[in-house]
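Down below is the structure, laid out as structure tokens.
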Amino acid sequence: MANVTKLVSLWNWQSPEFVNIADLDAAKKRTLRAAKIHDMGKPQKFKFKVEVKNNKPKLIYSFSGHRFLAEDKHEPWAEYLAKGHHDFSIHDIARDSYKLKTLAQSNNLLGKASQYREILETDPLAYARELYILEMCDQIEAEIACRFYDDDEQAESRVFMDFNIVQDPHNNHEFSLEPWVFGDDVSEISLPLTTWSMPFPKDLKQEIESYQGDRPKDKETDWAKRLNKAVKDWWHNDFDINSTRNNKHIITLKRLANEKLGAIDCNTLYLKIPENKSFTPNEMQQAVMDNIIGEDKYPALLLKAPTGSGKTEAILFPALANRNRLFLVLPTRSLIEDQSERIGKYLTRFSALEENQDRQFSLVIDTGSVMTRKLYGNGESFKPKNNPRRHLYKGDVILTTLDKFIYRYFAFGDKQKSFIFPHRIQQQKTLICFDEAHSYENIAFTNFQSLVKSLYEQGRSLVLMTATMPEKLIKTFDYLEPLDFSDFVEPKLRSFDYLDKISIGEEQEDGSFDSSNFQEQVTAIALEEIKVKPQRRILLIVETVKDAVGVYLKLKEKLNSDNLFLYHGRIADQLRPDIYQQIKQRDDNGQPYILVTTRAIEVGCDLNAETLITQICPPENLIQRVGRCNRRGNVQDAKVIVVGDRIPDFLNTLDTEAWNNYRSVLSQLNEFDAEAVGDCIFSQQQVDDYRVLETFSMLHDYVYGSDLTCQETHEKGVIPTRSWQPSVTLQFIGKDHSSEVDITDEKPHSITVPIERLCAGNEYAHVIVQEQFYDKDTTRGGMRPLRWGSAYSKNILVTIRNEDQIGLCFAHGLENYQYDSELGFVDLPKVFIKIASKGTEEKLLHICEKNGGKHKSIISYIKENIN
């Protein structure tokens, strides 16, 4: 406690996040008082426990419940900080902030209630901010102790705080810290570490050491009781603070030698960290840099610039130079796969700069299916030793999707430390960039608007980047400063051909869709292109997984498969990054390929194809797709071929008049004209679903205003991001149909799908539907059969196996699912039945035959259409 108190007393209270605090001295005193009492209950709650694993006894210890013994009758705020210093969860922080704000006045607390209420009404995050300081100092002290006593595994687990500690390899008493969170006038800090020793009771030691695995389970409890009694007797009767002391070590904590507090020269980054060539920032990049670089810069920009103009570098380089934490929010997971590789290379070279030596930089990837953290230092990349999935937004660059960012913005995720996400989003040095901001529609756009406005009102640094957002939608962000470089890049030549006589297929009487002829014609076009120029880089985009697989298989019969790739959203999450990496490598090396894909690869991916063959799509999508063809302007005979007589209903954004105009424009083009196609974009009025707006508002009031009347909404997990439909994880375990390779339980292949996609199609044998659960009493989780309730509050897992799992389900003559990892989850299993529902709820029934009986469950969620 003394060490933590010392660290709190030296905290840098002059940092920007405290600038607007009215009574800084009072905040210091509250946090300092909390540090003095936060561990006062540890001696009373200290307990040994003996666990026997593999016939080997192991001693573990616990201070469980100690924080609830912390008391301060004169400063309740400090007491709440002390009691809340472990979890840093949204529920604890909202509850405690609310209690402090509504503290009942009593004789000994006159004035405190109104004082606390005024503080929290002015700054709702005041309590959370002070709690974070206490947690930081507590964890810095703990990590130093762990590393000094050679418990690196325990030290590495403390990723949830914003610091890195490096122990001097030549002097184990010296540690370096970055970032330096203490006052600028503090150069180093001395901390004592002292140990005392108690002799192990001899009879008990012999008994435990002679254990042969032949004693009953309750022997462990007996040993623990006897050991705990011996400890208490020693503490109260035999303890002599001088004679039992082993050692007193003085630890020195210093600022990392090469840490730079201010911005570095951004122009240097343009010269030094690109891979193949150095360049100076162009006009657009210079304008962005001027708005970001500087301690007092808090930009709120809307940047409009065409694809291929260098928008990624425009935001990444100044963010790194200015020491911002950059959130790069992207519309699709496939785009993240592309950008993670690109940014990883930049971070590797950035860490090798002389001014960054011995510093550690990190990249966080957070998409739901992928949650990981990568580290970079001294020009090398490496993985963290601790669990990389528990990243908690500890990164210099965070790549995520809009869905996941909203999820984290409202503190959803692991219950413990859940408020770390809002805290890091709200930090002063945070820069949030929404790339491809034109990509959102309907519910997604409604949430996008609410989110951007909320972040702006809270003073966060914001950049929206777009290539094709219509002027009508740009006006909804009129509070942002516009940077319009729409005409910045010279037009890239691409010959253009629109084959509007090719039918995309006809709907059958049974509701199915016959597109076999469409697949044949698209395949023939691709083969003709290859015949004319065999060494071509060809990108072929269709709208459905079924068509993509159909075309791919037809091409595979005719072509060298080494150059042929299939990529779509239903290929396992575990495989897609590697497939994209292979494509990207061939693209970078100028090697031929033909990539058959869906719109999964449409937005922002850094490919430079020579020929684009694409199914007809809305004009805004076509502009994006064409951006992957002759992206760098170095292809002399680049070609775009558009096929199809109509846009599929599920994709169409045009009314009849707009479609006729669009078709006419395409028919007249001989070379692709982005401006002419852009004029065809039909900006329908975005209809704001009031339920989405209300849900966003309620979640915001709970997380950022401690309004407990909105807690139920948060606990239910109602958070529509793109749709009211919740998503489920679909995974396969068993034998790969094509390769005969076993896909194991430890490394299943999985994707995420909207739940209603599993209401149609074929039923298959050995399909198991489960939900994740967490037991508060045992603090352990696991999987169990799906139960009744709200789908929003469940993490649902659908597992397909192609072999029987005894006791889980019965086949009853159903066929096995034929999973082919090369093709992905082409068909989806039917596991739910839509049942009649009233009002605003959608209900799905799941029936599982288990152990001779039927297990039924009904889950519900909100209907998409309220009309």
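Going by the structure tokens order, chains are called A, B, ..., each with residues numbered from 1, while ligands are numbered from 1 in the order shown.
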Task: Picked from stretch 745-794 of chain A by DSSP as strand (DSSP E or B), as a PyMOL selection string - done: chain A and resi 749-754+767-775+780-785+789-790
TODO: Just the residues within 10 Å of A:Thr268, please, counting only C-alpha atoms, with nothing from its chain fewer than 6 positions along; format it as a PyMOL selection string.
DONE: chain A and resi 278-280+317+321+353
Could the residues in this selection be saved with N, CA, C and O atoms as a JSON list (two decimals), in the first residue's frame?
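Dumped to out.json:
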[["chain", "number", "residue", "atom", "x", "y", "z"],
["A", 278, "SER", "N", 10.57, 5.89, -51.03],
["A", 278, "SER", "CA", 10.31, 7.03, -50.16],
["A", 278, "SER", "C", 9.55, 8.08, -50.96],
["A", 278, "SER", "O", 9.72, 8.19, -52.17],
["A", 279, "PHE", "N", 8.71, 8.82, -50.28],
["A", 279, "PHE", "CA", 7.99, 9.88, -50.98],
["A", 279, "PHE", "C", 7.63, 10.98, -50.00],
["A", 279, "PHE", "O", 7.61, 10.78, -48.79],
["A", 280, "THR", "N", 7.38, 12.12, -50.53],
["A", 280, "THR", "CA", 6.92, 13.24, -49.70],
["A", 280, "THR", "C", 5.41, 13.26, -49.73],
["A", 280, "THR", "O", 4.78, 12.80, -50.69],
["A", 317, "PHE", "N", 0.41, 7.93, -40.64],
["A", 317, "PHE", "CA", 1.71, 8.52, -40.38],
["A", 317, "PHE", "C", 1.64, 9.66, -39.36],
["A", 317, "PHE", "O", 2.42, 9.67, -38.40],
["A", 321, "ALA", "N", 3.32, 9.73, -35.63],
["A", 321, "ALA", "CA", 4.24, 10.83, -35.31],
["A", 321, "ALA", "C", 3.78, 11.61, -34.09],
["A", 321, "ALA", "O", 4.59, 12.03, -33.26],
["A", 353, "LEU", "N", 13.14, 2.95, -36.25],
["A", 353, "LEU", "CA", 13.72, 4.29, -36.28],
["A", 353, "LEU", "C", 14.52, 4.53, -35.01],
["A", 353, "LEU", "O", 14.18, 4.05, -33.93]]
Open item on the list: Using DSSP secondary structure from the backbone, list all helix (DSSP H, G or I) positions within stretch 332-441 of chain A, as a ChimeraX atom specification.
Closed with: /A:333-351,354-356,402-409,420-425,437-439
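Residues within 10 Å of A:Arg147, counting only C-alpha atoms and excluding same-chain residues fewer than 3 positions away, are A:Ala142, A:Glu143, A:Ile144, A:Asp150, A:Asp151, A:Asp152, A:Glu153, A:Gln154, A:Ala155, A:Glu156, A:Ile165, A:Val166, A:Gln167, A:Asn172, A:His173, A:Phe175.
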Selection to disk with N, CA and C atoms, as a short mmCIF file (atom, residue, chain, number, x, y, z; two decimals), in the first residue's frame:
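The resulting file, again-v5.cif, is shown below:
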data_model
loop_
_atom_site.label_atom_id
_atom_site.label_comp_id
_atom_site.auth_asym_id
_atom_site.auth_seq_id
_atom_site.Cartn_x
_atom_site.Cartn_y
_atom_site.Cartn_z
N ALA A 142 2.59 -4.05 -8.73
CA ALA A 142 2.47 -5.51 -8.76
C ALA A 142 3.37 -6.12 -9.84
N GLU A 143 3.43 -5.48 -11.01
CA GLU A 143 4.26 -6.04 -12.08
C GLU A 143 5.74 -5.97 -11.72
N ILE A 144 6.16 -4.89 -11.11
CA ILE A 144 7.55 -4.80 -10.67
C ILE A 144 7.88 -5.94 -9.70
N ASP A 150 10.83 -13.07 -10.34
CA ASP A 150 10.89 -14.04 -11.44
C ASP A 150 9.56 -14.72 -11.74
N ASP A 151 8.47 -13.98 -11.58
CA ASP A 151 7.16 -14.52 -11.96
C ASP A 151 6.70 -13.76 -13.21
N ASP A 152 7.40 -14.00 -14.32
CA ASP A 152 7.11 -13.27 -15.56
C ASP A 152 5.73 -13.61 -16.11
N GLU A 153 5.28 -14.84 -15.90
CA GLU A 153 3.96 -15.23 -16.42
C GLU A 153 2.86 -14.39 -15.79
N GLN A 154 2.95 -14.16 -14.49
CA GLN A 154 1.97 -13.33 -13.80
C GLN A 154 2.10 -11.87 -14.27
N ALA A 155 3.32 -11.43 -14.48
CA ALA A 155 3.54 -10.05 -14.92
C ALA A 155 2.95 -9.81 -16.31
N GLU A 156 3.12 -10.76 -17.22
CA GLU A 156 2.66 -10.60 -18.59
C GLU A 156 1.14 -10.55 -18.69
N ILE A 165 6.71 -2.28 -18.91
CA ILE A 165 7.83 -2.24 -17.96
C ILE A 165 8.94 -3.14 -18.47
N VAL A 166 10.16 -2.62 -18.49
CA VAL A 166 11.32 -3.38 -18.94
C VAL A 166 12.33 -3.45 -17.80
N GLN A 167 12.73 -4.67 -17.44
CA GLN A 167 13.73 -4.87 -16.39
C GLN A 167 15.13 -4.81 -17.00
N ASN A 172 18.94 -6.24 -11.92
CA ASN A 172 17.54 -6.63 -11.73
C ASN A 172 16.81 -5.74 -10.74
N HIS A 173 17.47 -4.73 -10.17
CA HIS A 173 16.82 -3.77 -9.29
C HIS A 173 16.33 -2.54 -10.04
N PHE A 175 14.18 -0.79 -13.28
CA PHE A 175 13.10 -1.00 -14.22
C PHE A 175 12.84 0.30 -14.98
#
TODO: Could you check which of A:Arg576, A:Arg599, A:Lys554, A:Arg536 is closest to A:Lys639, using only C-alpha atoms?
DONE: A:Arg536
Task: Selected residue of minimal separation from A:Ala526 among A:Leu271, A:Ile420, A:Met469, A:Val643, counting only C-alpha atoms - done: A:Val643
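Reported to one decimal place, the separation of atom CA of A:Glu864 from atom CA of A:Thr446 is 14.1 Å.
Compared by their closest atoms to A:Lys28, and using only C-alpha atoms, the residues A:Leu134, A:Val728, A:Leu59, A:Leu651 rank with A:Leu134 nearest.
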